[in-house]
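Take a look at the structure below.
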Amino acid sequence: MKTIKNISILLLTAVFMNTAFAQDKKSYNIDNSNIALQGYSPVSYLDLGIAQKGIKEHKSEHDKVVYYFTDAEQKKKFDKNPSKYLPQYGGYCAFGVYAGAKFRPDPNKFIVKDGKYFLYLYNLELDAQQLWLAENNHSKLVNKANENWSKLKNTYN
């Protein structure tokens, strides 16, 4: 009986820890290692306008989320002002958020505009970046996405 009780306690602890940990994942598109942007550098997106994979030797943690950078200089820039380099909508697809849902983007599909970068879903059936651009009204899409994000960021969707 003592063994069953111990196993029950362990299971409850594991469920509680997973639930507490998962709550941190609601607002961020991260993997199981808490790595954001699939390891791509947020500084490369914003400062260079290109998608570049970072490396584990140059990483930082912000709000329990890990970001990788291409070099020490990028890490330093991020550490100095992390909020400047955070992806819009926690790194979820901007068009998805506009439409009211969270989707994992392709890290190579993005737009930099007004000092921010927006990531987009891309697969054989859908190119969300092209849908966004076809609307030809960035401000309208951002306003609606911001409104939706205020509700979505605390959900698992």
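Numbering starts fresh at 1 for the residues of each chain in the structure tokens, the chains themselves are lettered A, B, ... in the order given, and ligands are numbered from 1 as they appear.
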
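Neighbouring residues of Glu61 (chain A) at 10 Å or closer, counting only C-alpha atoms and skipping chain neighbours under 4 positions away, are Asn34, Ile35, Ala36, Val65, Val66, Tyr67, Tyr68, Phe78, Asp79 and Pro82 of chain A.
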
Non-local contacts of Leu37 (chain A) (7 Å; only C-alpha atoms; under 5 positions in same chain excluded) as a list in words: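 My reading of the contact set: Ile30, Gly91 and Pro107 of chain A.
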
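The smallest atom-to-atom distance between Asn108 (chain A) and any of A:His62, A:Lys53, A:Lys84, A:Lys26, using only C-alpha atoms, is found for A:Lys53.
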
Skipping near chain neighbours, those fewer than 6 positions away, what residues fall within 8 Å of Tyr98 (chain A) using only C-alpha atoms, listed as a short mmCIF file (atom, residue, chain, number, x, y, z; two decimals) with all heavy atoms, in the first residue's frame?
data_model
loop_
_atom_site.label_atom_id
_atom_site.label_comp_id
_atom_site.auth_asym_id
_atom_site.auth_seq_id
_atom_site.Cartn_x
_atom_site.Cartn_y
_atom_site.Cartn_z
N LEU A 141 -4.43 44.51 -40.28
CA LEU A 141 -4.14 43.15 -39.84
C LEU A 141 -3.50 43.13 -38.45
O LEU A 141 -3.87 42.31 -37.61
CB LEU A 141 -3.23 42.45 -40.85
CG LEU A 141 -3.83 42.23 -42.24
CD1 LEU A 141 -2.77 41.71 -43.20
CD2 LEU A 141 -5.01 41.30 -42.20
N VAL A 142 -2.56 44.03 -38.22
CA VAL A 142 -1.89 44.11 -36.92
C VAL A 142 -2.89 44.49 -35.83
O VAL A 142 -2.88 43.91 -34.74
CB VAL A 142 -0.70 45.09 -36.96
CG1 VAL A 142 -0.21 45.43 -35.56
CG2 VAL A 142 0.43 44.52 -37.78
N LYS A 144 -6.11 43.93 -35.67
CA LYS A 144 -6.98 42.77 -35.38
C LYS A 144 -6.18 41.68 -34.68
O LYS A 144 -6.65 41.06 -33.72
CB LYS A 144 -7.62 42.25 -36.66
CG LYS A 144 -8.54 41.07 -36.45
CD LYS A 144 -9.73 41.45 -35.58
CE LYS A 144 -10.71 40.30 -35.46
NZ LYS A 144 -11.78 40.57 -34.52
N ALA A 145 -4.95 41.43 -35.15
CA ALA A 145 -4.10 40.41 -34.51
C ALA A 145 -3.80 40.79 -33.06
O ALA A 145 -3.85 39.93 -32.17
CB ALA A 145 -2.82 40.21 -35.31
N ASN A 146 -3.51 42.06 -32.81
CA ASN A 146 -3.26 42.51 -31.44
C ASN A 146 -4.48 42.29 -30.55
O ASN A 146 -4.36 41.85 -29.40
CB ASN A 146 -2.87 43.98 -31.41
CG ASN A 146 -1.49 44.24 -31.97
OD1 ASN A 146 -0.68 43.33 -32.12
ND2 ASN A 146 -1.22 45.50 -32.29
N ASN A 148 -6.86 40.05 -31.03
CA ASN A 148 -6.99 38.60 -30.82
C ASN A 148 -5.93 38.07 -29.88
O ASN A 148 -6.21 37.18 -29.08
CB ASN A 148 -6.92 37.86 -32.16
CG ASN A 148 -8.16 38.05 -33.00
OD1 ASN A 148 -9.20 38.48 -32.51
ND2 ASN A 148 -8.05 37.74 -34.28
#

Mind listing the strand (DSSP E) residues of chain A, per DSSP on the backbone, as a PDB file with N, CA and C atoms, in the first residue's frame?
ATOM      1  N   ILE A  55      23.462  29.632 -32.360  1.00  0.00           N
ATOM      2  CA  ILE A  55      24.213  28.490 -31.841  1.00  0.00           C
ATOM      3  C   ILE A  55      24.150  28.489 -30.319  1.00  0.00           C
ATOM      4  N   LYS A  56      24.254  27.302 -29.756  1.00  0.00           N
ATOM      5  CA  LYS A  56      24.062  27.171 -28.307  1.00  0.00           C
ATOM      6  C   LYS A  56      25.134  27.880 -27.489  1.00  0.00           C
ATOM      7  N   GLU A  57      26.291  28.143 -28.090  1.00  0.00           N
ATOM      8  CA  GLU A  57      27.352  28.858 -27.364  1.00  0.00           C
ATOM      9  C   GLU A  57      26.973  30.315 -27.106  1.00  0.00           C
ATOM     10  N   HIS A  58      26.013  30.827 -27.867  1.00  0.00           N
ATOM     11  CA  HIS A  58      25.553  32.208 -27.698  1.00  0.00           C
ATOM     12  C   HIS A  58      24.046  32.188 -27.472  1.00  0.00           C
ATOM     13  N   LYS A  59      23.665  32.026 -26.232  1.00  0.00           N
ATOM     14  CA  LYS A  59      22.238  31.985 -25.918  1.00  0.00           C
ATOM     15  C   LYS A  59      21.945  32.819 -24.694  1.00  0.00           C
ATOM     16  N   SER A  60      20.703  33.249 -24.614  1.00  0.00           N
ATOM     17  CA  SER A  60      20.231  34.017 -23.462  1.00  0.00           C
ATOM     18  C   SER A  60      18.857  33.511 -23.074  1.00  0.00           C
ATOM     19  N   GLU A  61      18.514  33.761 -21.838  1.00  0.00           N
ATOM     20  CA  GLU A  61      17.178  33.416 -21.357  1.00  0.00           C
ATOM     21  C   GLU A  61      16.461  34.697 -20.963  1.00  0.00           C
ATOM     22  N   HIS A  62      15.231  34.792 -21.411  1.00  0.00           N
ATOM     23  CA  HIS A  62      14.383  35.924 -21.056  1.00  0.00           C
ATOM     24  C   HIS A  62      12.989  35.390 -20.776  1.00  0.00           C
ATOM     25  N   VAL A  65      12.382  31.768 -21.367  1.00  0.00           N
ATOM     26  CA  VAL A  65      12.465  31.323 -22.753  1.00  0.00           C
ATOM     27  C   VAL A  65      13.908  31.518 -23.230  1.00  0.00           C
ATOM     28  N   VAL A  66      14.440  30.529 -23.955  1.00  0.00           N
ATOM     29  CA  VAL A  66      15.817  30.552 -24.421  1.00  0.00           C
ATOM     30  C   VAL A  66      15.861  31.025 -25.874  1.00  0.00           C
ATOM     31  N   TYR A  67      16.770  31.946 -26.143  1.00  0.00           N
ATOM     32  CA  TYR A  67      16.993  32.475 -27.492  1.00  0.00           C
ATOM     33  C   TYR A  67      18.439  32.218 -27.880  1.00  0.00           C
ATOM     34  N   TYR A  68      18.650  31.824 -29.130  1.00  0.00           N
ATOM     35  CA  TYR A  68      19.991  31.571 -29.657  1.00  0.00           C
ATOM     36  C   TYR A  68      20.400  32.705 -30.591  1.00  0.00           C
ATOM     37  N   PHE A  69      21.707  32.946 -30.665  1.00  0.00           N
ATOM     38  CA  PHE A  69      22.256  34.023 -31.480  1.00  0.00           C
ATOM     39  C   PHE A  69      23.431  33.503 -32.298  1.00  0.00           C
ATOM     40  N   ASP A 106       6.850  28.868 -40.108  1.00  0.00           N
ATOM     41  CA  ASP A 106       8.118  28.484 -40.721  1.00  0.00           C
ATOM     42  C   ASP A 106       9.083  29.624 -40.379  1.00  0.00           C
ATOM     43  N   PRO A 107      10.206  29.350 -39.728  1.00  0.00           N
ATOM     44  CA  PRO A 107      11.099  30.442 -39.313  1.00  0.00           C
ATOM     45  C   PRO A 107      11.705  31.227 -40.478  1.00  0.00           C
ATOM     46  N   ASN A 108      11.585  30.714 -41.686  1.00  0.00           N
ATOM     47  CA  ASN A 108      12.105  31.424 -42.855  1.00  0.00           C
ATOM     48  C   ASN A 108      11.063  32.317 -43.511  1.00  0.00           C
ATOM     49  N   LYS A 109       9.834  32.305 -43.012  1.00  0.00           N
ATOM     50  CA  LYS A 109       8.761  33.137 -43.552  1.00  0.00           C
ATOM     51  C   LYS A 109       8.462  34.231 -42.539  1.00  0.00           C
ATOM     52  N   PHE A 110       8.875  35.446 -42.850  1.00  0.00           N
ATOM     53  CA  PHE A 110       8.706  36.547 -41.911  1.00  0.00           C
ATOM     54  C   PHE A 110       8.695  37.872 -42.658  1.00  0.00           C
ATOM     55  N   ILE A 111       8.216  38.883 -41.959  1.00  0.00           N
ATOM     56  CA  ILE A 111       8.221  40.257 -42.460  1.00  0.00           C
ATOM     57  C   ILE A 111       8.743  41.134 -41.330  1.00  0.00           C
ATOM     58  N   VAL A 112       9.585  42.092 -41.661  1.00  0.00           N
ATOM     59  CA  VAL A 112      10.043  43.091 -40.698  1.00  0.00           C
ATOM     60  C   VAL A 112       9.380  44.406 -41.099  1.00  0.00           C
ATOM     61  N   LYS A 113       8.657  44.996 -40.152  1.00  0.00           N
ATOM     62  CA  LYS A 113       7.967  46.254 -40.438  1.00  0.00           C
ATOM     63  C   LYS A 113       7.799  47.036 -39.136  1.00  0.00           C
ATOM     64  N   LYS A 116       9.463  45.779 -35.914  1.00  0.00           N
ATOM     65  CA  LYS A 116       8.991  44.504 -35.352  1.00  0.00           C
ATOM     66  C   LYS A 116       9.086  43.453 -36.444  1.00  0.00           C
ATOM     67  N   TYR A 117       9.107  42.188 -36.035  1.00  0.00           N
ATOM     68  CA  TYR A 117       9.067  41.133 -37.043  1.00  0.00           C
ATOM     69  C   TYR A 117       7.926  40.180 -36.741  1.00  0.00           C
ATOM     70  N   PHE A 118       7.341  39.694 -37.835  1.00  0.00           N
ATOM     71  CA  PHE A 118       6.148  38.862 -37.810  1.00  0.00           C
ATOM     72  C   PHE A 118       6.476  37.566 -38.549  1.00  0.00           C
ATOM     73  N   LEU A 119       6.161  36.441 -37.942  1.00  0.00           N
ATOM     74  CA  LEU A 119       6.440  35.128 -38.520  1.00  0.00           C
ATOM     75  C   LEU A 119       5.156  34.537 -39.104  1.00  0.00           C
ATOM     76  N   TYR A 120       5.317  33.611 -40.089  1.00  0.00           N
ATOM     77  CA  TYR A 120       4.152  33.077 -40.798  1.00  0.00           C
ATOM     78  C   TYR A 120       4.254  31.582 -41.037  1.00  0.00           C
TER      79      TYR A 120
END

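Of the residues under consideration (A:Gly115, A:Gly39, A:Pro105, A:Pro87), A:Gly39 shows the shortest atom-to-atom contact distance to Gln52 (chain A) when counting only C-alpha atoms.
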